[in-house]
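Here's my_file16.cif, which has mmCIF, C-alpha atoms:
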data_protein
#
loop_
_atom_site.group_PDB
_atom_site.id
_atom_site.type_symbol
_atom_site.label_atom_id
_atom_site.label_comp_id
_atom_site.auth_asym_id
_atom_site.auth_seq_id
_atom_site.Cartn_x
_atom_site.Cartn_y
_atom_site.Cartn_z
ATOM 1 C CA MET D 81 -13.921 1.769 2.751
ATOM 2 C CA LYS D 82 -13.200 4.738 0.517
ATOM 3 C CA LEU D 83 -15.082 7.870 1.570
ATOM 4 C CA ILE D 84 -15.494 10.619 -0.990
ATOM 5 C CA THR D 85 -16.939 14.098 -1.189
ATOM 6 C CA PHE D 86 -18.456 14.919 -4.564
ATOM 7 C CA ASP D 87 -20.817 17.130 -6.573
ATOM 8 C CA GLY D 88 -21.199 20.100 -4.242
ATOM 9 C CA GLY D 89 -20.499 18.488 -0.883
ATOM 10 C CA ARG D 90 -22.338 15.193 -1.113
ATOM 11 C CA VAL D 91 -20.737 12.282 0.750
ATOM 12 C CA GLY D 92 -20.451 8.750 -0.535
ATOM 13 C CA ARG D 93 -18.836 5.375 -0.227
ATOM 14 C CA LEU D 94 -16.880 4.496 -3.335
ATOM 15 C CA GLU D 95 -17.018 0.934 -4.630
ATOM 16 C CA LEU D 96 -14.091 1.351 -6.984
ATOM 17 C CA GLU D 97 -14.084 -2.121 -8.547
ATOM 18 C CA GLU D 98 -17.778 -1.843 -9.390
ATOM 19 C CA GLY D 99 -17.415 1.779 -10.467
ATOM 20 C CA THR D 100 -20.282 2.919 -8.248
ATOM 21 C CA VAL D 101 -20.845 5.511 -5.536
ATOM 22 C CA ILE D 102 -23.284 4.862 -2.702
ATOM 23 C CA GLU D 103 -24.506 8.167 -1.314
ATOM 24 C CA LEU D 104 -24.503 8.541 2.472
ATOM 25 C CA ASP D 105 -27.031 10.581 4.434
ATOM 26 C CA VAL D 106 -24.608 12.984 6.112
ATOM 27 C CA PRO D 107 -23.686 16.581 5.207
ATOM 28 C CA SER D 108 -19.897 16.136 5.370
ATOM 29 C CA THR D 109 -17.200 13.547 5.952
ATOM 30 C CA ARG D 110 -16.215 15.467 9.058
ATOM 31 C CA GLU D 111 -19.695 14.885 10.477
ATOM 32 C CA TYR D 112 -19.414 11.232 9.395
ATOM 33 C CA PHE D 113 -16.519 10.872 11.826
ATOM 34 C CA GLU D 114 -18.256 12.982 14.471
ATOM 35 C CA ARG D 115 -21.098 10.433 14.374
ATOM 36 C CA GLY D 116 -18.633 7.562 14.672
ATOM 37 C CA GLY D 117 -19.597 6.311 11.224
ATOM 38 C CA ASP D 118 -23.211 5.680 12.286
ATOM 39 C CA VAL D 119 -24.636 6.984 9.012
ATOM 40 C CA ARG D 120 -27.347 5.582 6.763
ATOM 41 C CA GLU D 121 -27.364 5.346 2.987
ATOM 42 C CA THR D 122 -29.730 7.607 1.068
ATOM 43 C CA GLY D 123 -30.581 4.801 -1.337
ATOM 44 C CA GLU D 124 -29.084 6.594 -4.314
ATOM 45 C CA ARG D 125 -26.446 4.856 -6.444
ATOM 46 C CA LEU D 126 -24.348 6.753 -8.965
ATOM 47 C CA GLN D 127 -21.742 5.871 -11.530
ATOM 48 C CA TYR D 128 -18.273 6.848 -10.358
ATOM 49 C CA ALA D 129 -17.449 8.093 -13.872
ATOM 50 C CA ASP D 130 -20.305 10.606 -13.617
ATOM 51 C CA VAL D 131 -19.360 12.302 -10.341
ATOM 52 C CA LYS D 132 -16.893 15.169 -9.715
ATOM 53 C CA LEU D 133 -14.624 14.471 -6.774
ATOM 54 C CA GLU D 134 -13.863 17.261 -4.312
ATOM 55 C CA ALA D 135 -11.448 17.506 -1.392
ATOM 56 C CA PRO D 136 -12.499 14.507 0.724
ATOM 57 C CA ILE D 137 -12.668 16.458 4.009
ATOM 58 C CA ARG D 138 -12.606 19.984 5.390
ATOM 59 C CA PRO D 139 -11.020 19.547 8.811
ATOM 60 C CA LYS D 140 -11.504 21.840 11.754
ATOM 61 C CA LYS D 141 -7.752 21.688 12.400
ATOM 62 C CA PHE D 142 -4.886 20.635 10.149
ATOM 63 C CA PHE D 143 -1.651 19.809 11.978
ATOM 64 C CA HIS D 144 1.547 19.834 9.953
ATOM 65 C CA THR D 145 4.703 17.831 10.725
ATOM 66 C CA ALA D 146 8.218 18.533 9.424
ATOM 67 C CA GLY D 147 11.417 16.514 9.140
ATOM 68 C CA ASN D 148 9.963 13.094 9.964
ATOM 69 C CA PHE D 149 11.379 11.007 7.077
ATOM 70 C CA ALA D 150 15.030 10.085 7.571
ATOM 71 C CA ASP D 151 16.183 10.541 3.952
ATOM 72 C CA HIS D 152 14.461 13.892 3.605
ATOM 73 C CA HIS D 153 15.836 15.045 6.955
ATOM 74 C CA ASN D 154 19.354 14.194 5.776
ATOM 75 C CA GLU D 155 19.007 15.955 2.419
ATOM 76 C CA LEU D 156 17.762 19.145 4.060
ATOM 77 C CA THR D 157 21.315 19.808 5.167
ATOM 78 C CA ALA D 158 22.027 20.727 1.524
ATOM 79 C CA VAL D 159 19.528 23.601 1.659
ATOM 80 C CA ASP D 160 20.702 27.017 2.795
ATOM 81 C CA TRP D 161 18.273 27.322 5.718
ATOM 82 C CA SER D 162 19.241 29.639 8.547
ATOM 83 C CA HIS D 163 17.973 27.067 11.074
ATOM 84 C CA PRO D 164 17.802 23.259 10.980
ATOM 85 C CA VAL D 165 14.408 21.644 10.365
ATOM 86 C CA HIS D 166 13.860 19.616 13.519
ATOM 87 C CA LYS D 167 11.349 16.781 13.589
ATOM 88 C CA GLY D 168 9.538 18.574 16.428
ATOM 89 C CA ILE D 169 8.517 21.531 14.245
ATOM 90 C CA VAL D 170 4.731 21.675 14.173
ATOM 91 C CA PHE D 171 2.442 24.271 12.610
ATOM 92 C CA PHE D 172 -1.143 24.617 11.466
ATOM 93 C CA GLN D 173 -2.017 24.391 7.789
ATOM 94 C CA ASN D 174 -4.501 26.885 6.329
ATOM 95 C CA VAL D 175 -7.706 24.905 5.752
ATOM 96 C CA ASP D 176 -8.922 27.545 3.269
ATOM 97 C CA ALA D 177 -5.989 26.598 1.008
ATOM 98 C CA ILE D 178 -7.377 23.061 0.578
ATOM 99 C CA ILE D 179 -8.217 21.896 -2.938
ATOM 100 C CA GLY D 180 -9.246 18.468 -4.178
ATOM 101 C CA PRO D 181 -8.321 15.988 -6.894
ATOM 102 C CA GLY D 182 -8.287 17.512 -10.359
ATOM 103 C CA ASP D 183 -8.319 21.070 -9.011
ATOM 104 C CA ASP D 184 -5.687 23.491 -10.265
ATOM 105 C CA ILE D 185 -2.775 24.789 -8.222
ATOM 106 C CA VAL D 186 -2.579 28.492 -9.052
ATOM 107 C CA TYR D 187 0.977 29.804 -9.380
ATOM 108 C CA PRO D 188 1.125 33.283 -7.736
ATOM 109 C CA GLU D 189 4.065 34.585 -9.757
ATOM 110 C CA GLY D 190 4.048 37.869 -7.854
ATOM 111 C CA LEU D 191 4.778 36.031 -4.603
ATOM 112 C CA THR D 192 7.221 33.260 -5.473
ATOM 113 C CA LYS D 193 9.632 31.988 -8.117
ATOM 114 C CA GLU D 194 10.412 28.717 -6.304
ATOM 115 C CA LEU D 195 7.299 26.538 -6.248
ATOM 116 C CA ASP D 196 8.001 23.061 -4.839
ATOM 117 C CA TYR D 197 6.153 19.795 -4.151
ATOM 118 C CA GLU D 198 6.122 17.499 -1.107
ATOM 119 C CA LEU D 199 4.269 14.183 -1.116
ATOM 120 C CA GLU D 200 2.895 13.293 2.309
ATOM 121 C CA LEU D 201 0.512 10.850 3.953
ATOM 122 C CA ALA D 202 -2.199 12.565 5.996
ATOM 123 C CA ILE D 203 -3.858 10.861 8.958
ATOM 124 C CA VAL D 204 -7.569 11.438 9.610
ATOM 125 C CA ILE D 205 -8.497 11.652 13.294
ATOM 126 C CA GLY D 206 -11.682 9.745 14.023
ATOM 127 C CA LYS D 207 -12.782 11.114 17.388
ATOM 128 C CA SER D 208 -12.187 13.929 19.832
ATOM 129 C CA GLY D 209 -9.506 13.536 22.477
ATOM 130 C CA LYS D 210 -6.490 15.052 24.208
ATOM 131 C CA PHE D 211 -3.479 14.159 26.330
ATOM 132 C CA PHE D 212 -3.101 10.489 25.470
ATOM 133 C CA GLY D 213 -0.065 8.312 24.855
ATOM 134 C CA PRO D 214 1.172 6.289 21.865
ATOM 135 C CA ASP D 215 -0.440 3.095 23.191
ATOM 136 C CA GLU D 216 -3.876 4.701 22.876
ATOM 137 C CA ALA D 217 -3.249 6.621 19.676
ATOM 138 C CA ASP D 218 -4.223 3.930 17.174
ATOM 139 C CA ASP D 219 -7.820 4.170 18.428
ATOM 140 C CA TYR D 220 -7.880 7.758 17.153
ATOM 141 C CA ILE D 221 -6.627 6.967 13.644
ATOM 142 C CA ALA D 222 -9.711 6.634 11.426
ATOM 143 C CA GLY D 223 -8.166 6.744 7.967
ATOM 144 C CA PHE D 224 -5.691 8.242 5.535
ATOM 145 C CA THR D 225 -5.521 10.467 2.490
ATOM 146 C CA VAL D 226 -2.814 11.824 0.169
ATOM 147 C CA PHE D 227 -1.462 15.337 0.701
ATOM 148 C CA ASN D 228 0.810 17.384 -1.577
ATOM 149 C CA ASP D 229 2.442 20.118 0.485
ATOM 150 C CA ILE D 230 3.016 22.839 -2.108
ATOM 151 C CA SER D 231 5.734 25.176 -0.839
ATOM 152 C CA ALA D 232 7.133 28.560 -1.876
ATOM 153 C CA ARG D 233 10.790 28.009 -1.018
ATOM 154 C CA ASP D 234 11.919 31.639 -1.393
ATOM 155 C CA ILE D 235 9.270 32.698 1.120
ATOM 156 C CA GLN D 236 10.140 29.731 3.344
ATOM 157 C CA ARG D 237 13.825 30.694 3.308
ATOM 158 C CA LYS D 238 12.913 34.103 4.731
ATOM 159 C CA GLU D 239 10.598 32.562 7.314
ATOM 160 C CA MET D 240 13.334 30.173 8.394
ATOM 161 C CA GLU D 241 15.338 33.136 9.681
ATOM 162 C CA SER D 242 13.042 32.747 12.672
ATOM 163 C CA GLY D 243 13.286 28.961 12.569
ATOM 164 C CA VAL D 244 9.636 28.360 11.646
ATOM 165 C CA PHE D 245 7.499 28.434 8.523
ATOM 166 C CA SER D 246 3.817 28.713 7.655
ATOM 167 C CA PHE D 247 3.043 31.447 5.082
ATOM 168 C CA SER D 248 5.120 29.634 2.436
ATOM 169 C CA LYS D 249 2.806 26.613 2.578
ATOM 170 C CA ALA D 250 -0.537 28.269 3.264
ATOM 171 C CA ILE D 251 -1.212 30.277 0.100
ATOM 172 C CA GLU D 252 -4.453 29.750 -1.811
ATOM 173 C CA THR D 253 -4.582 26.333 -3.589
ATOM 174 C CA PHE D 254 -1.299 25.169 -1.962
ATOM 175 C CA CYS D 255 -2.996 22.339 -0.077
ATOM 176 C CA PRO D 256 -4.203 19.553 -2.424
ATOM 177 C CA ILE D 257 -5.636 16.500 -0.640
ATOM 178 C CA GLY D 258 -7.444 13.399 -1.877
ATOM 179 C CA PRO D 259 -8.622 11.688 -3.908
ATOM 180 C CA TRP D 260 -10.551 10.048 -1.043
ATOM 181 C CA ILE D 261 -10.199 8.844 2.535
ATOM 182 C CA VAL D 262 -9.244 5.203 2.977
ATOM 183 C CA THR D 263 -10.464 3.964 6.358
ATOM 184 C CA ARG D 264 -8.055 2.408 8.836
ATOM 185 C CA ASP D 265 -9.413 -1.143 8.408
ATOM 186 C CA GLU D 266 -8.268 -1.188 4.752
ATOM 187 C CA VAL D 267 -4.637 -0.396 5.604
ATOM 188 C CA PRO D 268 -2.978 -3.474 7.147
ATOM 189 C CA ASP D 269 0.340 -1.716 7.840
ATOM 190 C CA MET D 270 0.478 2.078 7.765
ATOM 191 C CA HIS D 271 4.260 1.911 8.138
ATOM 192 C CA GLU D 272 4.742 -0.031 4.902
ATOM 193 C CA LEU D 273 3.250 2.131 2.147
ATOM 194 C CA PRO D 274 5.287 2.905 -1.010
ATOM 195 C CA MET D 275 5.161 6.578 -2.030
ATOM 196 C CA GLN D 276 5.954 8.225 -5.352
ATOM 197 C CA LEU D 277 5.471 11.705 -6.808
ATOM 198 C CA ARG D 278 5.701 12.355 -10.549
ATOM 199 C CA VAL D 279 5.779 15.609 -12.514
ATOM 200 C CA ASN D 280 4.798 15.240 -16.178
ATOM 201 C CA GLY D 281 5.361 11.493 -15.772
ATOM 202 C CA GLU D 282 8.909 11.898 -14.419
ATOM 203 C CA VAL D 283 9.567 10.433 -10.958
ATOM 204 C CA ARG D 284 10.691 13.198 -8.611
ATOM 205 C CA GLN D 285 10.104 11.636 -5.184
ATOM 206 C CA GLN D 286 10.168 7.999 -4.124
ATOM 207 C CA GLY D 287 10.100 6.442 -0.674
ATOM 208 C CA ASN D 288 8.107 4.456 1.852
ATOM 209 C CA THR D 289 6.384 5.162 5.150
ATOM 210 C CA ASN D 290 8.809 2.691 6.737
ATOM 211 C CA GLN D 291 11.419 5.486 6.560
ATOM 212 C CA THR D 292 9.827 7.662 9.236
ATOM 213 C CA ARG D 293 11.839 8.634 12.272
ATOM 214 C CA ILE D 294 8.723 8.845 14.455
ATOM 215 C CA LYS D 295 6.008 6.207 14.091
ATOM 216 C CA PHE D 296 2.500 7.443 13.444
ATOM 217 C CA PRO D 297 0.867 6.508 16.798
ATOM 218 C CA HIS D 298 3.644 8.417 18.558
ATOM 219 C CA LEU D 299 3.071 11.372 16.222
ATOM 220 C CA VAL D 300 -0.667 11.354 16.901
ATOM 221 C CA ALA D 301 -0.021 11.240 20.653
ATOM 222 C CA TYR D 302 2.502 14.073 20.352
ATOM 223 C CA HIS D 303 -0.109 16.423 18.875
ATOM 224 C CA SER D 304 -2.878 15.413 21.305
ATOM 225 C CA PRO D 305 -2.325 18.190 23.913
ATOM 226 C CA GLN D 306 -3.586 20.604 21.238
ATOM 227 C CA THR D 307 -6.977 18.801 21.465
ATOM 228 C CA TYR D 308 -8.436 16.797 18.598
ATOM 229 C CA SER D 309 -11.809 17.060 16.965
ATOM 230 C CA ALA D 310 -13.207 14.270 14.809
ATOM 231 C CA GLY D 311 -12.077 14.813 11.223
ATOM 232 C CA ASP D 312 -8.882 16.693 12.023
ATOM 233 C CA LEU D 313 -5.867 15.975 9.800
ATOM 234 C CA ILE D 314 -2.212 15.380 10.652
ATOM 235 C CA THR D 315 0.476 15.264 8.011
ATOM 236 C CA THR D 316 3.369 12.887 8.568
ATOM 237 C CA GLY D 317 6.271 14.545 6.687
ATOM 238 C CA THR D 318 7.593 14.199 3.157
ATOM 239 C CA ILE D 319 10.024 11.794 1.516
ATOM 240 C CA SER D 320 13.277 12.664 -0.246
ATOM 241 C CA GLY D 321 13.521 14.273 -3.674
ATOM 242 C CA VAL D 322 11.970 17.732 -3.354
ATOM 243 C CA ALA D 323 13.153 20.323 -5.861
ATOM 244 C CA ALA D 324 14.845 22.551 -3.271
ATOM 245 C CA VAL D 325 17.575 19.978 -2.539
ATOM 246 C CA GLN D 326 18.580 19.371 -6.169
ATOM 247 C CA PRO D 327 21.935 20.680 -7.500
ATOM 248 C CA ASN D 328 19.989 23.099 -9.705
ATOM 249 C CA PRO D 329 16.550 23.477 -8.087
ATOM 250 C CA PHE D 330 15.247 25.700 -10.894
ATOM 251 C CA ASP D 331 15.353 22.680 -13.202
ATOM 252 C CA PHE D 332 12.835 21.032 -10.869
ATOM 253 C CA TYR D 333 10.636 23.763 -9.426
ATOM 254 C CA LEU D 334 7.034 23.626 -10.616
ATOM 255 C CA LYS D 335 5.792 25.866 -13.408
ATOM 256 C CA PRO D 336 2.466 26.497 -15.147
ATOM 257 C CA GLY D 337 1.457 23.524 -17.277
ATOM 258 C CA ASP D 338 3.024 20.896 -15.005
ATOM 259 C CA GLU D 339 0.915 17.855 -14.168
ATOM 260 C CA ILE D 340 1.561 16.347 -10.728
ATOM 261 C CA GLU D 341 0.693 12.817 -9.643
ATOM 262 C CA ALA D 342 1.133 12.162 -5.926
ATOM 263 C CA GLU D 343 0.681 8.450 -5.230
ATOM 264 C CA ILE D 344 0.683 6.350 -2.065
ATOM 265 C CA THR D 345 0.106 2.645 -2.650
ATOM 266 C CA GLY D 346 -3.064 1.483 -0.935
ATOM 267 C CA ILE D 347 -4.289 5.042 -0.432
ATOM 268 C CA GLY D 348 -4.629 6.550 -3.911
ATOM 269 C CA THR D 349 -3.236 8.910 -6.524
ATOM 270 C CA LEU D 350 -3.846 12.644 -6.225
ATOM 271 C CA ARG D 351 -3.588 14.511 -9.529
ATOM 272 C CA ASN D 352 -3.364 18.287 -9.913
ATOM 273 C CA ARG D 353 -2.184 20.708 -12.583
ATOM 274 C CA VAL D 354 -0.268 23.954 -12.097
ATOM 275 C CA ILE D 355 -1.714 26.968 -13.908
ATOM 276 C CA SER D 356 -0.688 30.600 -14.057
ATOM 277 C CA TRP D 357 -2.486 33.320 -12.140
ATOM 278 C CA GLU D 358 -3.535 34.918 -15.416
ATOM 279 C CA ASP D 359 -5.032 31.649 -16.686
ATOM 280 C CA ARG D 360 -7.189 31.491 -13.567
ATOM 281 C CA TYR D 361 -8.101 35.138 -13.114
ATOM 282 C CA GLY D 362 -7.515 36.756 -16.512
ATOM 283 C CA GLU D 363 -5.099 39.358 -15.183
ATOM 284 C CA PRO D 364 -1.451 39.544 -14.065
ATOM 285 C CA ALA D 365 -0.613 38.169 -10.657
ATOM 286 C CA PRO D 366 -0.608 40.758 -7.844
ATOM 287 C CA GLN D 367 2.724 41.652 -6.286
ATOM 288 C CA ARG D 368 3.441 40.648 -2.731
ATOM 289 C CA VAL D 369 2.675 43.199 -0.040
ATOM 290 C CA ASP D 370 5.757 43.227 2.171
ATOM 291 C CA TRP D 371 6.826 45.000 5.333
#

Mind turning this structure into structure tokens?
Amino acid sequence: MKLITFDGGRVGRLELEEGTVIELDVPSTREYFERGGDVRETGERLQYADVKLEAPIRPKKFFHTAGNFADHHNELTAVDWSHPVHKGIVFFQNVDAIIGPGDDIVYPEGLTKELDYELELAIVIGKSGKFFGPDEADDYIAGFTVFNDISARDIQRKEMESGVFSFSKAIETFCPIGPWIVTRDEVPDMHELPMQLRVNGEVRQQGNTNQTRIKFPHLVAYHSPQTYSAGDLITTGTISGVAAVQPNPFDFYLKPGDEIEAEITGIGTLRNRVISWEDRYGEPAPQRVDW
């Protein structure tokens, strides 16, 4: 099943082949999972072409994982970080930075000159729980969505002097997810999903979930002492090919006007455009307040 949020927070089941949306009688996809999927239809059917998709879920908590894909982990050695990016690095994403499919990523030129992309698979947690092992973890995996981890590398480089990072990935609009949630039953093998990110049609990242160093049930179990709520999200790490590792990163960093397509086979394609601060707000971007 493909769960969507659309038209001001309505929830629906998307029948993509038929081009129809079946509205569900629940105020959010997060509550859908809190109810264990025991949700009725409203009886309303809509044409998919007529609805405006939004971010498919607004989680209570958004756990972020770093360094999990082998190829990306290896290429990070080319970046001038002050500390290595270990696979155990975990931080919370800013849920207020979430945007949905078709929404614009606003380039805050006063904050960063090194705007990067990172295609990731995000796991949707289906029920509350804590302190469980990998053998139990699959019962907590309710579905998947696409995540593009937009990152300000110049800010991240400064953060990495302490060996951690968060601000660089948590700025307004830096958290596109979507276009929908694909439920677990529609994904036969979550460790065999081709992944590709394109900028203006050019392939920038390419990989597969079979390249992870830590399998997803183990990852879900690892986070569980932090206590899950139904509808929480966990990212699984990015694949190789980010701009920061290129010989000349400034040939690859994002800029206003760029169109990004983040695709995971079997899950969906998340499309977003980068726009300038002035295009969004009609005034020059504010300068960063530093200390």

Exercise. Counting all atoms listed in the file, figure out which residue out of D:Tyr333, D:Trp371, D:Tyr361, D:Phe296 gets nearest to Asp218 in chain D.
Key: D:Phe296

Exercise. Counting all atoms listed in the file, select every polymer residue within 12 Å of (11.3, 5.1, 6.6) as defined in the file's coordinates, and provide the selection as JSON, numbers by chain.
Key: {"D": [147, 148, 149, 150, 151, 152, 153, 270, 271, 272, 273, 274, 275, 286, 287, 288, 289, 290, 291, 292, 293, 294, 295, 296, 316, 317, 318, 319, 320]}

Quiz item: When distances are computed from all atoms listed in the file, which of D:Glu282, D:Asp229, D:Glu189, D:Asp269 shows the smallest separation from Gly346 in chain D?
Solution: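 When distances to Gly346 in chain D are compared using all atoms listed in the file, the smallest one comes from D:Asp269.
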
Quiz item: Out of D:Asn228, D:Gln326, D:Asn174, D:Gln127, which residue has the shortest atom-to-atom distance to Glu95 in chain D when counting all atoms listed in the file?
Solution: D:Gln127

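Coordinates place CA of Tyr302 in chain D at a distance of 9.4 Å from CA of Ala217 in chain D.
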
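In this model, the gap between CA of Tyr112 in chain D and CA of Ala342 in chain D comes to 25.6 Å.
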
Quiz prompt | Non-local contacts of Gly348 in chain D (7 Å; only C-alpha atoms; under 3 positions in same chain excluded) as an NGL selection string | solution = :D and (226 or 259 or 343-345)

Write to file, as a compact mmCIF listing (two decimals), in the coordinates of the input, the residues of the selection just made, with C-alpha atoms.
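In the end it all went to selection-v9.txt:
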# COMPACT_ATOMS: atom_id res chain seq x y z
CA VAL D 226 -2.81 11.82 0.17
CA PRO D 259 -8.62 11.69 -3.91
CA GLU D 343 0.68 8.45 -5.23
CA ILE D 344 0.68 6.35 -2.06
CA THR D 345 0.11 2.64 -2.65

Quiz item: Counting only C-alpha atoms, what is within 6 Å of Glu194 in chain D, bar same-chain residues fewer than 5 positions away, as a PyMOL selection string?
Solution: chain D and resi 232-234+333

Quiz item: Out of D:Tyr187, D:Phe332, D:Phe113, D:Trp260, which residue has the shortest atom-to-atom distance to Ala222 in chain D when counting all atoms listed in the file?
Solution: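 For Ala222 in chain D, the nearest of the candidates is D:Phe113.
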
Given the file shown, determine the residues that the PyMOL selection byres ((chain D and resi 81) around 7) selects; report them as a PDB file with C-alpha atoms, keeping the file's coordinate frame.
ATOM      1  CA  LYS D  82     -13.200   4.738   0.517  1.00  0.00           C
ATOM      2  CA  LEU D  83     -15.082   7.870   1.570  1.00  0.00           C
ATOM      3  CA  ARG D  93     -18.836   5.375  -0.227  1.00  0.00           C
ATOM      4  CA  VAL D 262      -9.244   5.203   2.977  1.00  0.00           C
ATOM      5  CA  THR D 263     -10.464   3.964   6.358  1.00  0.00           C
ATOM      6  CA  GLU D 266      -8.268  -1.188   4.752  1.00  0.00           C
TER       7      GLU D 266
END

Quiz item: Quick one: residues within 9 Å of Val119 in chain D, all atoms listed in the file counted, chain neighbours fewer than 5 positions away excluded, as an MDAnalysis selection string?
Solution: chainID D and resid 104:106 112

Quiz prompt | All residues 10 Å or closer to Cys255 in chain D, all atoms listed in the file, same chain fewer than 6 positions away omitted, as a ChimeraX atom specification | solution = /D:135,173-180,185,227-231,249

Practice problem: Check what the PyMOL selection byres ((chain D and resi 206) around 12) selects in the file above and give those residues as a VMD selection string. | Solution: chain D and resid 109 to 117 139 203 to 205 207 to 209 217 to 224 261 263 to 264 300 308 to 314

Exercise. Fewer than 4 positions away in the same chain doesn't count, so skip those; otherwise give me all residues within 8 Å of Arg360 in chain D, counting all atoms listed in the file, as a list in words.
Key: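 Everything that qualifies: Val186, Ile355 and Ser356 of chain D.
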
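Distances to Glu98 in chain D were evaluated for D:Trp357, D:Tyr128, D:Phe86, D:Phe212 using only C-alpha atoms, and the minimum falls at D:Tyr128.
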
Self-check item: Picked residues, the PyMOL selection byres ((chain D and resi 130) around 10), expected as a PyMOL selection string
Solution: chain D and resi 87+99-101+126-129+131-133

Self-check item: Between CA of Phe172 in chain D and CA of Thr145 in chain D - distance in Å to one decimal
Solution: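 The value is 9.0 Å.
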